[in-house]
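Student: Contents of my_file_11.cif (mmCIF, N, CA and C atoms) are given next:
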```
data_work
#
loop_
_atom_site.label_atom_id
_atom_site.label_comp_id
_atom_site.auth_asym_id
_atom_site.auth_seq_id
_atom_site.Cartn_x
_atom_site.Cartn_y
_atom_site.Cartn_z
N MET U 1 -0.48 15.72 -5.38
CA MET U 1 0.59 14.91 -4.85
C MET U 1 1.23 15.65 -3.68
N LYS U 2 1.40 14.91 -2.59
CA LYS U 2 1.92 15.51 -1.36
C LYS U 2 3.43 15.76 -1.44
N TYR U 3 4.14 14.85 -2.06
CA TYR U 3 5.60 14.94 -2.07
C TYR U 3 6.10 15.32 -3.46
N GLN U 4 6.97 16.31 -3.51
CA GLN U 4 7.49 16.81 -4.78
C GLN U 4 8.47 15.80 -5.39
N GLN U 5 8.35 15.61 -6.70
CA GLN U 5 9.28 14.73 -7.39
C GLN U 5 10.50 15.53 -7.83
N LEU U 6 11.66 15.07 -7.43
CA LEU U 6 12.91 15.72 -7.80
C LEU U 6 13.66 14.77 -8.73
N GLU U 7 13.65 15.10 -10.00
CA GLU U 7 14.12 14.18 -11.03
C GLU U 7 15.55 13.69 -10.82
N ASN U 8 16.48 14.60 -10.55
CA ASN U 8 17.88 14.21 -10.39
C ASN U 8 18.08 13.31 -9.17
N LEU U 9 17.45 13.69 -8.06
CA LEU U 9 17.56 12.90 -6.84
C LEU U 9 16.97 11.51 -7.03
N GLU U 10 15.78 11.46 -7.63
CA GLU U 10 15.12 10.17 -7.83
C GLU U 10 15.86 9.30 -8.83
N ALA U 11 16.52 9.91 -9.81
CA ALA U 11 17.32 9.12 -10.76
C ALA U 11 18.45 8.41 -10.02
N GLY U 12 19.04 9.09 -9.05
CA GLY U 12 20.08 8.44 -8.23
C GLY U 12 19.52 7.29 -7.42
N TRP U 13 18.32 7.48 -6.88
CA TRP U 13 17.67 6.39 -6.13
C TRP U 13 17.37 5.21 -7.04
N LYS U 14 16.91 5.52 -8.25
CA LYS U 14 16.60 4.46 -9.21
C LYS U 14 17.87 3.69 -9.56
N TRP U 15 18.96 4.42 -9.81
CA TRP U 15 20.22 3.78 -10.14
C TRP U 15 20.63 2.84 -9.00
N THR U 16 20.55 3.34 -7.76
CA THR U 16 20.93 2.53 -6.59
C THR U 16 20.05 1.30 -6.48
N TYR U 17 18.76 1.47 -6.68
CA TYR U 17 17.80 0.36 -6.60
C TYR U 17 18.14 -0.71 -7.64
N LEU U 18 18.36 -0.28 -8.87
CA LEU U 18 18.64 -1.22 -9.95
C LEU U 18 19.96 -1.96 -9.74
N VAL U 19 20.98 -1.24 -9.30
CA VAL U 19 22.28 -1.87 -9.05
C VAL U 19 22.15 -2.88 -7.90
N LYS U 20 21.40 -2.52 -6.87
CA LYS U 20 21.19 -3.44 -5.75
C LYS U 20 20.49 -4.72 -6.22
N LYS U 21 19.46 -4.57 -7.04
CA LYS U 21 18.74 -5.74 -7.57
C LYS U 21 19.68 -6.59 -8.43
N HIS U 22 20.51 -5.94 -9.22
CA HIS U 22 21.47 -6.68 -10.06
C HIS U 22 22.44 -7.46 -9.18
N LYS U 23 22.94 -6.84 -8.12
CA LYS U 23 23.88 -7.52 -7.22
C LYS U 23 23.22 -8.68 -6.48
N GLU U 24 21.89 -8.60 -6.31
CA GLU U 24 21.15 -9.70 -5.69
C GLU U 24 20.92 -10.86 -6.65
N GLY U 25 21.35 -10.66 -7.91
CA GLY U 25 21.23 -11.73 -8.90
C GLY U 25 19.95 -11.67 -9.73
N ILE U 26 19.22 -10.60 -9.64
CA ILE U 26 17.97 -10.45 -10.39
C ILE U 26 18.29 -9.82 -11.74
N ASN U 27 17.73 -10.40 -12.81
CA ASN U 27 17.91 -9.82 -14.14
C ASN U 27 16.96 -8.63 -14.26
N ILE U 28 17.52 -7.45 -14.28
CA ILE U 28 16.71 -6.23 -14.34
C ILE U 28 16.47 -5.76 -15.76
N THR U 29 17.11 -6.41 -16.73
CA THR U 29 16.93 -6.02 -18.13
C THR U 29 15.89 -6.93 -18.77
N HIS U 30 15.38 -6.51 -19.91
CA HIS U 30 14.40 -7.33 -20.62
C HIS U 30 15.06 -8.31 -21.58
N TYR U 31 16.39 -8.36 -21.56
CA TYR U 31 17.13 -9.25 -22.46
C TYR U 31 17.21 -10.66 -21.90
N ILE U 32 17.18 -11.62 -22.83
CA ILE U 32 17.33 -13.03 -22.44
C ILE U 32 18.79 -13.45 -22.56
N ASP U 33 19.45 -12.95 -23.58
CA ASP U 33 20.85 -13.26 -23.84
C ASP U 33 21.74 -12.62 -22.76
N THR U 34 22.64 -13.41 -22.19
CA THR U 34 23.49 -12.90 -21.11
C THR U 34 24.48 -11.84 -21.57
N SER U 35 24.92 -11.91 -22.83
CA SER U 35 25.86 -10.90 -23.31
C SER U 35 25.18 -9.54 -23.44
N GLU U 36 23.92 -9.53 -23.89
CA GLU U 36 23.17 -8.27 -23.97
C GLU U 36 22.91 -7.72 -22.57
N THR U 37 22.55 -8.62 -21.67
CA THR U 37 22.31 -8.21 -20.28
C THR U 37 23.57 -7.62 -19.68
N HIS U 38 24.69 -8.29 -19.90
CA HIS U 38 25.98 -7.82 -19.36
C HIS U 38 26.34 -6.44 -19.92
N ALA U 39 26.14 -6.25 -21.22
CA ALA U 39 26.46 -4.97 -21.85
C ALA U 39 25.56 -3.86 -21.30
N ALA U 40 24.28 -4.16 -21.13
CA ALA U 40 23.34 -3.16 -20.59
C ALA U 40 23.71 -2.82 -19.15
N MET U 41 24.13 -3.82 -18.38
CA MET U 41 24.52 -3.57 -16.98
C MET U 41 25.80 -2.75 -16.90
N GLN U 42 26.73 -3.01 -17.77
CA GLN U 42 27.96 -2.21 -17.80
C GLN U 42 27.65 -0.76 -18.12
N LEU U 43 26.71 -0.56 -19.03
CA LEU U 43 26.27 0.79 -19.38
C LEU U 43 25.63 1.47 -18.18
N LEU U 44 24.76 0.73 -17.47
CA LEU U 44 24.10 1.29 -16.28
C LEU U 44 25.13 1.64 -15.20
N LEU U 45 26.07 0.74 -14.95
CA LEU U 45 27.07 0.98 -13.92
C LEU U 45 27.96 2.18 -14.24
N SER U 46 28.13 2.47 -15.52
CA SER U 46 28.98 3.59 -15.91
C SER U 46 28.28 4.95 -15.77
N MET U 47 26.99 4.95 -15.54
CA MET U 47 26.26 6.22 -15.49
C MET U 47 25.74 6.56 -14.10
N GLU U 48 26.52 6.25 -13.10
CA GLU U 48 26.12 6.52 -11.72
C GLU U 48 25.78 7.99 -11.48
N HIS U 49 26.53 8.90 -12.04
CA HIS U 49 26.33 10.33 -11.78
C HIS U 49 25.73 11.06 -12.98
N LYS U 50 24.97 10.33 -13.78
CA LYS U 50 24.34 10.93 -14.96
C LYS U 50 22.84 10.64 -14.91
N PRO U 51 22.08 11.42 -14.14
CA PRO U 51 20.67 11.11 -13.91
C PRO U 51 19.80 11.08 -15.17
N THR U 52 20.05 11.95 -16.11
CA THR U 52 19.21 11.95 -17.32
C THR U 52 19.44 10.67 -18.12
N GLU U 53 20.66 10.19 -18.13
CA GLU U 53 20.96 8.96 -18.84
C GLU U 53 20.37 7.74 -18.14
N VAL U 54 20.28 7.77 -16.82
CA VAL U 54 19.68 6.66 -16.08
C VAL U 54 18.22 6.50 -16.49
N SER U 55 17.50 7.61 -16.60
CA SER U 55 16.09 7.55 -17.01
C SER U 55 15.96 6.97 -18.41
N LEU U 56 16.85 7.36 -19.30
CA LEU U 56 16.82 6.81 -20.66
C LEU U 56 17.14 5.32 -20.66
N TRP U 57 18.11 4.92 -19.83
CA TRP U 57 18.48 3.51 -19.73
C TRP U 57 17.28 2.69 -19.26
N ILE U 58 16.55 3.22 -18.28
CA ILE U 58 15.38 2.53 -17.75
C ILE U 58 14.35 2.32 -18.85
N GLN U 59 14.09 3.34 -19.64
CA GLN U 59 13.10 3.24 -20.73
C GLN U 59 13.53 2.22 -21.77
N GLU U 60 14.82 2.15 -22.03
CA GLU U 60 15.32 1.31 -23.10
C GLU U 60 15.61 -0.13 -22.70
N HIS U 61 16.12 -0.34 -21.48
CA HIS U 61 16.64 -1.67 -21.12
C HIS U 61 15.91 -2.38 -19.99
N MET U 62 15.20 -1.68 -19.13
CA MET U 62 14.66 -2.30 -17.92
C MET U 62 13.52 -3.28 -18.23
N GLN U 63 13.48 -4.32 -17.44
CA GLN U 63 12.42 -5.32 -17.53
C GLN U 63 11.08 -4.67 -17.15
N ILE U 64 10.05 -4.93 -17.92
CA ILE U 64 8.74 -4.29 -17.71
C ILE U 64 8.13 -4.69 -16.37
N THR U 65 8.31 -5.94 -15.96
CA THR U 65 7.71 -6.39 -14.70
C THR U 65 8.34 -5.72 -13.48
N LEU U 66 9.53 -5.17 -13.64
CA LEU U 66 10.22 -4.50 -12.54
C LEU U 66 9.75 -3.05 -12.37
N GLU U 67 9.04 -2.54 -13.37
CA GLU U 67 8.63 -1.13 -13.36
C GLU U 67 7.75 -0.79 -12.15
N ILE U 68 6.78 -1.62 -11.85
CA ILE U 68 5.87 -1.35 -10.73
C ILE U 68 6.64 -1.36 -9.41
N LYS U 69 7.51 -2.34 -9.23
CA LYS U 69 8.30 -2.42 -8.00
C LYS U 69 9.22 -1.22 -7.84
N LEU U 70 9.80 -0.80 -8.96
CA LEU U 70 10.68 0.38 -8.93
C LEU U 70 9.88 1.62 -8.53
N LYS U 71 8.72 1.80 -9.11
CA LYS U 71 7.88 2.96 -8.78
C LYS U 71 7.48 2.95 -7.31
N GLN U 72 7.12 1.78 -6.78
CA GLN U 72 6.76 1.67 -5.37
C GLN U 72 7.95 2.01 -4.47
N ALA U 73 9.11 1.49 -4.83
CA ALA U 73 10.31 1.74 -4.02
C ALA U 73 10.66 3.23 -4.03
N ILE U 74 10.55 3.87 -5.19
CA ILE U 74 10.88 5.30 -5.29
C ILE U 74 9.85 6.13 -4.54
N ARG U 75 8.57 5.75 -4.63
CA ARG U 75 7.52 6.47 -3.90
C ARG U 75 7.77 6.40 -2.39
N ALA U 76 8.14 5.22 -1.90
CA ALA U 76 8.43 5.05 -0.48
C ALA U 76 9.66 5.85 -0.08
N LYS U 77 10.68 5.82 -0.92
CA LYS U 77 11.92 6.57 -0.65
C LYS U 77 11.64 8.07 -0.62
N ARG U 78 10.79 8.55 -1.55
CA ARG U 78 10.43 9.97 -1.62
C ARG U 78 9.70 10.37 -0.33
N LYS U 79 8.79 9.54 0.12
CA LYS U 79 8.04 9.83 1.34
C LYS U 79 8.99 9.91 2.54
N ARG U 80 9.88 8.92 2.66
CA ARG U 80 10.84 8.94 3.77
C ARG U 80 11.75 10.16 3.70
N HIS U 81 12.15 10.52 2.49
CA HIS U 81 13.04 11.67 2.30
C HIS U 81 12.38 12.96 2.80
N PHE U 82 11.14 13.20 2.39
CA PHE U 82 10.47 14.44 2.77
C PHE U 82 10.01 14.41 4.23
N ASN U 83 9.64 13.25 4.74
CA ASN U 83 9.26 13.15 6.15
C ASN U 83 10.45 13.37 7.07
N ALA U 84 11.64 13.05 6.61
CA ALA U 84 12.83 13.20 7.43
C ALA U 84 13.24 14.67 7.60
N GLU U 85 12.63 15.56 6.82
CA GLU U 85 12.97 16.97 6.92
C GLU U 85 12.48 17.61 8.21
N GLN U 86 11.39 17.08 8.78
CA GLN U 86 10.84 17.66 10.00
C GLN U 86 10.91 16.62 11.12
N GLU U 87 11.19 17.09 12.31
CA GLU U 87 11.40 16.20 13.46
C GLU U 87 10.16 15.34 13.75
N HIS U 88 8.97 15.96 13.72
CA HIS U 88 7.78 15.22 14.11
C HIS U 88 7.35 14.18 13.08
N THR U 89 7.80 14.29 11.83
CA THR U 89 7.45 13.28 10.83
C THR U 89 8.60 12.32 10.55
N ARG U 90 9.76 12.59 11.13
CA ARG U 90 10.92 11.72 10.92
C ARG U 90 10.67 10.37 11.60
N LYS U 91 11.01 9.33 10.89
CA LYS U 91 10.81 8.00 11.43
C LYS U 91 11.90 7.69 12.45
N LYS U 92 11.47 7.20 13.59
CA LYS U 92 12.42 6.81 14.62
C LYS U 92 12.40 5.28 14.69
N SER U 93 13.45 4.72 15.20
CA SER U 93 13.46 3.27 15.35
C SER U 93 13.92 2.91 16.75
N ILE U 94 13.40 1.80 17.23
CA ILE U 94 13.82 1.28 18.52
C ILE U 94 14.15 -0.19 18.34
N ASP U 95 15.01 -0.68 19.19
CA ASP U 95 15.43 -2.07 19.11
C ASP U 95 14.67 -2.86 20.16
N LEU U 96 13.79 -3.77 19.70
CA LEU U 96 13.00 -4.58 20.61
C LEU U 96 13.34 -6.05 20.42
N ASP U 97 13.38 -6.79 21.52
CA ASP U 97 13.46 -8.24 21.41
C ASP U 97 12.14 -8.72 20.81
N PHE U 98 12.18 -9.87 20.17
CA PHE U 98 10.97 -10.38 19.52
C PHE U 98 9.85 -10.58 20.52
N ARG U 99 10.16 -11.14 21.68
CA ARG U 99 9.10 -11.42 22.67
C ARG U 99 8.47 -10.12 23.17
N VAL U 100 9.25 -9.07 23.29
CA VAL U 100 8.72 -7.77 23.72
C VAL U 100 7.82 -7.20 22.63
N TRP U 101 8.30 -7.27 21.40
CA TRP U 101 7.48 -6.79 20.28
C TRP U 101 6.18 -7.57 20.20
N GLU U 102 6.26 -8.88 20.41
CA GLU U 102 5.06 -9.73 20.32
C GLU U 102 4.03 -9.33 21.38
N ARG U 103 4.49 -9.13 22.62
CA ARG U 103 3.56 -8.72 23.68
C ARG U 103 2.98 -7.33 23.40
N LEU U 104 3.81 -6.44 22.91
CA LEU U 104 3.34 -5.10 22.57
C LEU U 104 2.34 -5.16 21.42
N SER U 105 2.59 -6.01 20.47
CA SER U 105 1.69 -6.17 19.33
C SER U 105 0.34 -6.72 19.78
N ILE U 106 0.34 -7.68 20.68
CA ILE U 106 -0.91 -8.23 21.21
C ILE U 106 -1.70 -7.15 21.94
N LYS U 107 -1.01 -6.37 22.77
CA LYS U 107 -1.67 -5.29 23.51
C LYS U 107 -2.22 -4.25 22.54
N ALA U 108 -1.47 -3.92 21.50
CA ALA U 108 -1.93 -2.95 20.49
C ALA U 108 -3.17 -3.47 19.79
N HIS U 109 -3.19 -4.76 19.52
CA HIS U 109 -4.37 -5.36 18.89
C HIS U 109 -5.59 -5.29 19.81
N GLU U 110 -5.37 -5.55 21.10
CA GLU U 110 -6.46 -5.45 22.08
C GLU U 110 -7.01 -4.03 22.15
N LEU U 111 -6.11 -3.04 22.09
CA LEU U 111 -6.53 -1.63 22.18
C LEU U 111 -6.97 -1.08 20.83
N ASP U 112 -6.78 -1.87 19.77
CA ASP U 112 -7.06 -1.42 18.41
C ASP U 112 -6.33 -0.11 18.13
N ALA U 113 -5.02 -0.14 18.38
CA ALA U 113 -4.18 1.05 18.24
C ALA U 113 -2.87 0.67 17.56
N THR U 114 -2.10 1.68 17.19
CA THR U 114 -0.78 1.45 16.62
C THR U 114 0.19 1.11 17.75
N LEU U 115 1.37 0.62 17.38
CA LEU U 115 2.37 0.31 18.40
C LEU U 115 2.79 1.58 19.15
N SER U 116 2.93 2.68 18.42
CA SER U 116 3.32 3.94 19.07
C SER U 116 2.25 4.40 20.05
N ASP U 117 0.98 4.33 19.65
CA ASP U 117 -0.11 4.73 20.55
C ASP U 117 -0.17 3.82 21.77
N THR U 118 0.10 2.54 21.56
CA THR U 118 0.09 1.59 22.68
C THR U 118 1.21 1.89 23.67
N ILE U 119 2.39 2.19 23.18
CA ILE U 119 3.51 2.55 24.07
C ILE U 119 3.16 3.80 24.86
N GLU U 120 2.61 4.79 24.17
CA GLU U 120 2.21 6.03 24.84
C GLU U 120 1.16 5.77 25.91
N PHE U 121 0.18 4.92 25.59
CA PHE U 121 -0.86 4.56 26.55
C PHE U 121 -0.27 3.87 27.77
N LEU U 122 0.61 2.89 27.55
CA LEU U 122 1.21 2.16 28.65
C LEU U 122 2.06 3.06 29.54
N LEU U 123 2.79 3.99 28.93
CA LEU U 123 3.59 4.92 29.71
C LEU U 123 2.71 5.84 30.56
N SER U 124 1.61 6.33 29.98
CA SER U 124 0.73 7.21 30.75
C SER U 124 0.04 6.44 31.88
N GLU U 125 -0.32 5.18 31.64
CA GLU U 125 -0.91 4.34 32.70
C GLU U 125 0.09 4.12 33.83
N GLU U 126 1.35 3.86 33.46
CA GLU U 126 2.38 3.66 34.47
C GLU U 126 2.58 4.93 35.29
N HIS U 127 2.54 6.08 34.63
CA HIS U 127 2.70 7.36 35.32
C HIS U 127 1.54 7.60 36.29
N ARG U 128 0.32 7.30 35.83
CA ARG U 128 -0.85 7.46 36.71
C ARG U 128 -0.76 6.54 37.93
N SER U 129 -0.37 5.29 37.71
CA SER U 129 -0.29 4.37 38.84
C SER U 129 0.82 4.79 39.81
N TYR U 130 1.91 5.34 39.29
CA TYR U 130 2.99 5.83 40.15
C TYR U 130 2.50 6.99 41.00
N ASP U 131 1.78 7.94 40.39
CA ASP U 131 1.22 9.08 41.13
C ASP U 131 0.26 8.60 42.22
N LYS U 132 -0.58 7.62 41.89
CA LYS U 132 -1.54 7.11 42.88
C LYS U 132 -0.82 6.41 44.02
N SER U 133 0.23 5.64 43.71
CA SER U 133 0.95 4.95 44.79
C SER U 133 1.66 5.96 45.70
N LYS U 134 2.15 7.07 45.13
CA LYS U 134 2.76 8.12 45.96
C LYS U 134 1.72 8.72 46.90
N LYS U 135 0.51 8.94 46.41
CA LYS U 135 -0.56 9.49 47.25
C LYS U 135 -0.94 8.52 48.36
N VAL U 136 -1.03 7.24 48.03
CA VAL U 136 -1.36 6.23 49.04
C VAL U 136 -0.27 6.16 50.10
N ASP U 137 0.98 6.20 49.68
CA ASP U 137 2.10 6.20 50.64
C ASP U 137 2.04 7.42 51.55
N ALA U 138 1.73 8.58 50.99
CA ALA U 138 1.62 9.80 51.80
C ALA U 138 0.48 9.69 52.79
N LEU U 139 -0.65 9.12 52.35
CA LEU U 139 -1.79 8.93 53.26
C LEU U 139 -1.43 7.95 54.39
N LYS U 140 -0.72 6.88 54.07
CA LYS U 140 -0.30 5.91 55.09
C LYS U 140 0.61 6.56 56.12
N LYS U 141 1.55 7.38 55.67
CA LYS U 141 2.45 8.06 56.60
C LYS U 141 1.67 9.01 57.51
N ASP U 142 0.74 9.77 56.92
CA ASP U 142 -0.09 10.68 57.71
C ASP U 142 -0.92 9.91 58.73
N LEU U 143 -1.50 8.81 58.30
CA LEU U 143 -2.31 7.99 59.21
C LEU U 143 -1.46 7.41 60.33
N ASN U 144 -0.26 6.92 60.00
CA ASN U 144 0.64 6.40 61.04
C ASN U 144 1.03 7.48 62.03
N ARG U 145 1.26 8.71 61.54
CA ARG U 145 1.60 9.82 62.43
C ARG U 145 0.43 10.13 63.37
N LEU U 146 -0.78 10.13 62.83
CA LEU U 146 -1.96 10.41 63.65
C LEU U 146 -2.17 9.34 64.71
N LEU U 147 -1.99 8.08 64.30
CA LEU U 147 -2.21 6.99 65.24
C LEU U 147 -1.12 6.88 66.30
N SER U 148 0.08 7.25 65.96
CA SER U 148 1.17 7.13 66.91
C SER U 148 1.24 8.30 67.87
N SER U 149 0.56 9.40 67.58
CA SER U 149 0.65 10.53 68.50
C SER U 149 -0.44 10.55 69.52
#
```
Have the structure of the file written as structure tokens, please.
Tutor:
Amino acid sequence: MKYQQLENLEAGWKWTYLVKKHKEGINITHYIDTSETHAAMQLLLSMEHKPTEVSLWIQEHMQITLEIKLKQAIRAKRKRHFNAEQEHTRKKSIDLDFRVWERLSIKAHELDATLSDTIEFLLSEEHRSYDKSKKVDALKKDLNRLLSS
């Protein structure tokens, strides 16, 4: 495994994930009765800073179908957490208009590359064309000087 599992940290992430799902109106418990669900949720909400108890709550009360989604969410969170430690693996974000993203996506598909690779390619192409236009302008000036003298 590439990323180390930190039990206390991940228990906090699990608690946050479960509370968020509850606030979205999703029943995260395996109970059908609303009073049991309410009691289990009150118990979960009371253990925000008790990571060992959160893990026990998950084993005892969480809906089985939610287990896979929770594991995926925690795995993704773990990856982002450890990647954020180093500058070159930290995820950066940019704000693009939809039409710009769409054109960039089409170009990336044509190049069979990622969006980042496509941006890098386009920037290097622009730099090359700028250098070439500077050389052409310099040659034109030299030629004009030769012809005018």
Student: Point out the residue among U:Leu147, U:Ala138, U:Ile28, U:Ala84 with the least atom-to-atom distance to Met62 in chain U, counting only N, CA and C atoms.
Tutor: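 Under the stated criterion, the closest residue is U:Ile28.
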Student: Around range 94-102 of chain U, with edges along x, y and z and 5 Å added on all six sides, what centre and edge lengths do you get, in Å to one decimal, as lines of an AutoDock Vina configuration file?
Tutor:
```
center_x = 9.7
center_y = -4.8
center_z = 20.5
size_x = 21.4
size_y = 23.2
size_z = 16.5
```
Student: Quick check, in Å to one decimal: how far apart do atom C of Trp13 in chain U and atom C of Leu70 in chain U lie?
Tutor: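 Atom-to-atom, atom C of Trp13 in chain U to atom C of Leu70 in chain U, that is 8.4 Å.
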Student: The PyMOL selection byres (((chain U and resi 41 and name CA) around 12) and name CA) - which residues does that actually catch in the file I just gave you? List them as a PyMOL selection string.
Tutor: chain U and resi 15+18-23+25-31+34-40+42-48+54+57-58+61-62
Student: In Å to one decimal, how far is CA of Lys71 in chain U from CA of Ala11 in chain U?
Tutor: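 Distance reported for this atom pair: 11.4 Å.
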Student: Please report, as a CSV table (one decimal) with N, CA and C atoms, keeping the file's coordinate frame, each residue of range 33-88 of chain U to which DSSP assigns helix (DSSP H, G or I) when run on this structure's backbone.
Tutor:
```csv
chain,number,residue,atom,x,y,z
U,34,THR,N,22.6,-13.4,-22.2
U,34,THR,CA,23.5,-12.9,-21.1
U,34,THR,C,24.5,-11.8,-21.6
U,35,SER,N,24.9,-11.9,-22.8
U,35,SER,CA,25.9,-10.9,-23.3
U,35,SER,C,25.2,-9.5,-23.4
U,36,GLU,N,23.9,-9.5,-23.9
U,36,GLU,CA,23.2,-8.3,-24.0
U,36,GLU,C,22.9,-7.7,-22.6
U,37,THR,N,22.6,-8.6,-21.7
U,37,THR,CA,22.3,-8.2,-20.3
U,37,THR,C,23.6,-7.6,-19.7
U,38,HIS,N,24.7,-8.3,-19.9
U,38,HIS,CA,26.0,-7.8,-19.4
U,38,HIS,C,26.3,-6.4,-19.9
U,39,ALA,N,26.1,-6.2,-21.2
U,39,ALA,CA,26.5,-5.0,-21.8
U,39,ALA,C,25.6,-3.9,-21.3
U,40,ALA,N,24.3,-4.2,-21.1
U,40,ALA,CA,23.3,-3.2,-20.6
U,40,ALA,C,23.7,-2.8,-19.2
U,41,MET,N,24.1,-3.8,-18.4
U,41,MET,CA,24.5,-3.6,-17.0
U,41,MET,C,25.8,-2.8,-16.9
U,42,GLN,N,26.7,-3.0,-17.8
U,42,GLN,CA,28.0,-2.2,-17.8
U,42,GLN,C,27.6,-0.8,-18.1
U,43,LEU,N,26.7,-0.6,-19.0
U,43,LEU,CA,26.3,0.8,-19.4
U,43,LEU,C,25.6,1.5,-18.2
U,44,LEU,N,24.8,0.7,-17.5
U,44,LEU,CA,24.1,1.3,-16.3
U,44,LEU,C,25.1,1.6,-15.2
U,45,LEU,N,26.1,0.7,-15.0
U,45,LEU,CA,27.1,1.0,-13.9
U,45,LEU,C,28.0,2.2,-14.2
U,46,SER,N,28.1,2.5,-15.5
U,46,SER,CA,29.0,3.6,-15.9
U,46,SER,C,28.3,5.0,-15.8
U,51,PRO,N,22.1,11.4,-14.1
U,51,PRO,CA,20.7,11.1,-13.9
U,51,PRO,C,19.8,11.1,-15.2
U,52,THR,N,20.0,12.0,-16.1
U,52,THR,CA,19.2,12.0,-17.3
U,52,THR,C,19.4,10.7,-18.1
U,53,GLU,N,20.7,10.2,-18.1
U,53,GLU,CA,21.0,9.0,-18.8
U,53,GLU,C,20.4,7.7,-18.1
U,54,VAL,N,20.3,7.8,-16.8
U,54,VAL,CA,19.7,6.7,-16.1
U,54,VAL,C,18.2,6.5,-16.5
U,55,SER,N,17.5,7.6,-16.6
U,55,SER,CA,16.1,7.6,-17.0
U,55,SER,C,16.0,7.0,-18.4
U,56,LEU,N,16.8,7.4,-19.3
U,56,LEU,CA,16.8,6.8,-20.7
U,56,LEU,C,17.1,5.3,-20.7
U,57,TRP,N,18.1,4.9,-19.8
U,57,TRP,CA,18.5,3.5,-19.7
U,57,TRP,C,17.3,2.7,-19.3
U,58,ILE,N,16.6,3.2,-18.3
U,58,ILE,CA,15.4,2.5,-17.8
U,58,ILE,C,14.4,2.3,-18.8
U,59,GLN,N,14.1,3.3,-19.6
U,59,GLN,CA,13.1,3.2,-20.7
U,59,GLN,C,13.5,2.2,-21.8
U,60,GLU,N,14.8,2.2,-22.0
U,60,GLU,CA,15.3,1.3,-23.1
U,60,GLU,C,15.6,-0.1,-22.7
U,61,HIS,N,16.1,-0.3,-21.5
U,61,HIS,CA,16.6,-1.7,-21.1
U,61,HIS,C,15.9,-2.4,-20.0
U,66,LEU,N,9.5,-5.2,-13.6
U,66,LEU,CA,10.2,-4.5,-12.5
U,66,LEU,C,9.8,-3.0,-12.4
U,67,GLU,N,9.0,-2.5,-13.4
U,67,GLU,CA,8.6,-1.1,-13.4
U,67,GLU,C,7.8,-0.8,-12.2
U,68,ILE,N,6.8,-1.6,-11.8
U,68,ILE,CA,5.9,-1.4,-10.7
U,68,ILE,C,6.6,-1.4,-9.4
U,69,LYS,N,7.5,-2.3,-9.2
U,69,LYS,CA,8.3,-2.4,-8.0
U,69,LYS,C,9.2,-1.2,-7.8
U,70,LEU,N,9.8,-0.8,-9.0
U,70,LEU,CA,10.7,0.4,-8.9
U,70,LEU,C,9.9,1.6,-8.5
U,71,LYS,N,8.7,1.8,-9.1
U,71,LYS,CA,7.9,3.0,-8.8
U,71,LYS,C,7.5,3.0,-7.3
U,72,GLN,N,7.1,1.8,-6.8
U,72,GLN,CA,6.8,1.7,-5.4
U,72,GLN,C,8.0,2.0,-4.5
U,73,ALA,N,9.1,1.5,-4.8
U,73,ALA,CA,10.3,1.7,-4.0
U,73,ALA,C,10.7,3.2,-4.0
U,74,ILE,N,10.6,3.9,-5.2
U,74,ILE,CA,10.9,5.3,-5.3
U,74,ILE,C,9.8,6.1,-4.5
U,75,ARG,N,8.6,5.8,-4.6
U,75,ARG,CA,7.5,6.5,-3.9
U,75,ARG,C,7.8,6.4,-2.4
U,76,ALA,N,8.1,5.2,-1.9
U,76,ALA,CA,8.4,5.0,-0.5
U,76,ALA,C,9.7,5.8,-0.1
U,77,LYS,N,10.7,5.8,-0.9
U,77,LYS,CA,11.9,6.6,-0.6
U,77,LYS,C,11.6,8.1,-0.6
U,78,ARG,N,10.8,8.6,-1.6
U,78,ARG,CA,10.4,10.0,-1.6
U,78,ARG,C,9.7,10.4,-0.3
U,79,LYS,N,8.8,9.5,0.1
U,79,LYS,CA,8.0,9.8,1.3
U,79,LYS,C,9.0,9.9,2.5
U,80,ARG,N,9.9,8.9,2.7
U,80,ARG,CA,10.8,8.9,3.8
U,80,ARG,C,11.8,10.2,3.7
U,81,HIS,N,12.2,10.5,2.5
U,81,HIS,CA,13.0,11.7,2.3
U,81,HIS,C,12.4,13.0,2.8
U,82,PHE,N,11.1,13.2,2.4
U,82,PHE,CA,10.5,14.4,2.8
U,82,PHE,C,10.0,14.4,4.2
U,83,ASN,N,9.6,13.2,4.7
U,83,ASN,CA,9.3,13.2,6.2
U,83,ASN,C,10.4,13.4,7.1
```
Student: Interatomic distance between CA of Lys135 in chain U and atom C of Leu123 in chain U?
Tutor: 17.4 Å
Student: Mind running range 32-139 of chain U against range 5-9 of chain U at 8 Å and telling me each contacting residue's nearest atom pair with the distance in Å (one decimal), counting only N, CA and C atoms, chain and number ascending, as a Markdown table?
Tutor:
```
| residue | atom | partner | partner_atom | distance |
| --- | --- | --- | --- | --- |
| U:Lys50 | C | U:Asn8 | CA | 7.6 |
| U:Pro51 | CA | U:Asn8 | CA | 5.5 |
| U:Thr52 | N | U:Asn8 | CA | 6.5 |
| U:Arg78 | CA | U:Gln5 | CA | 7.6 |
```
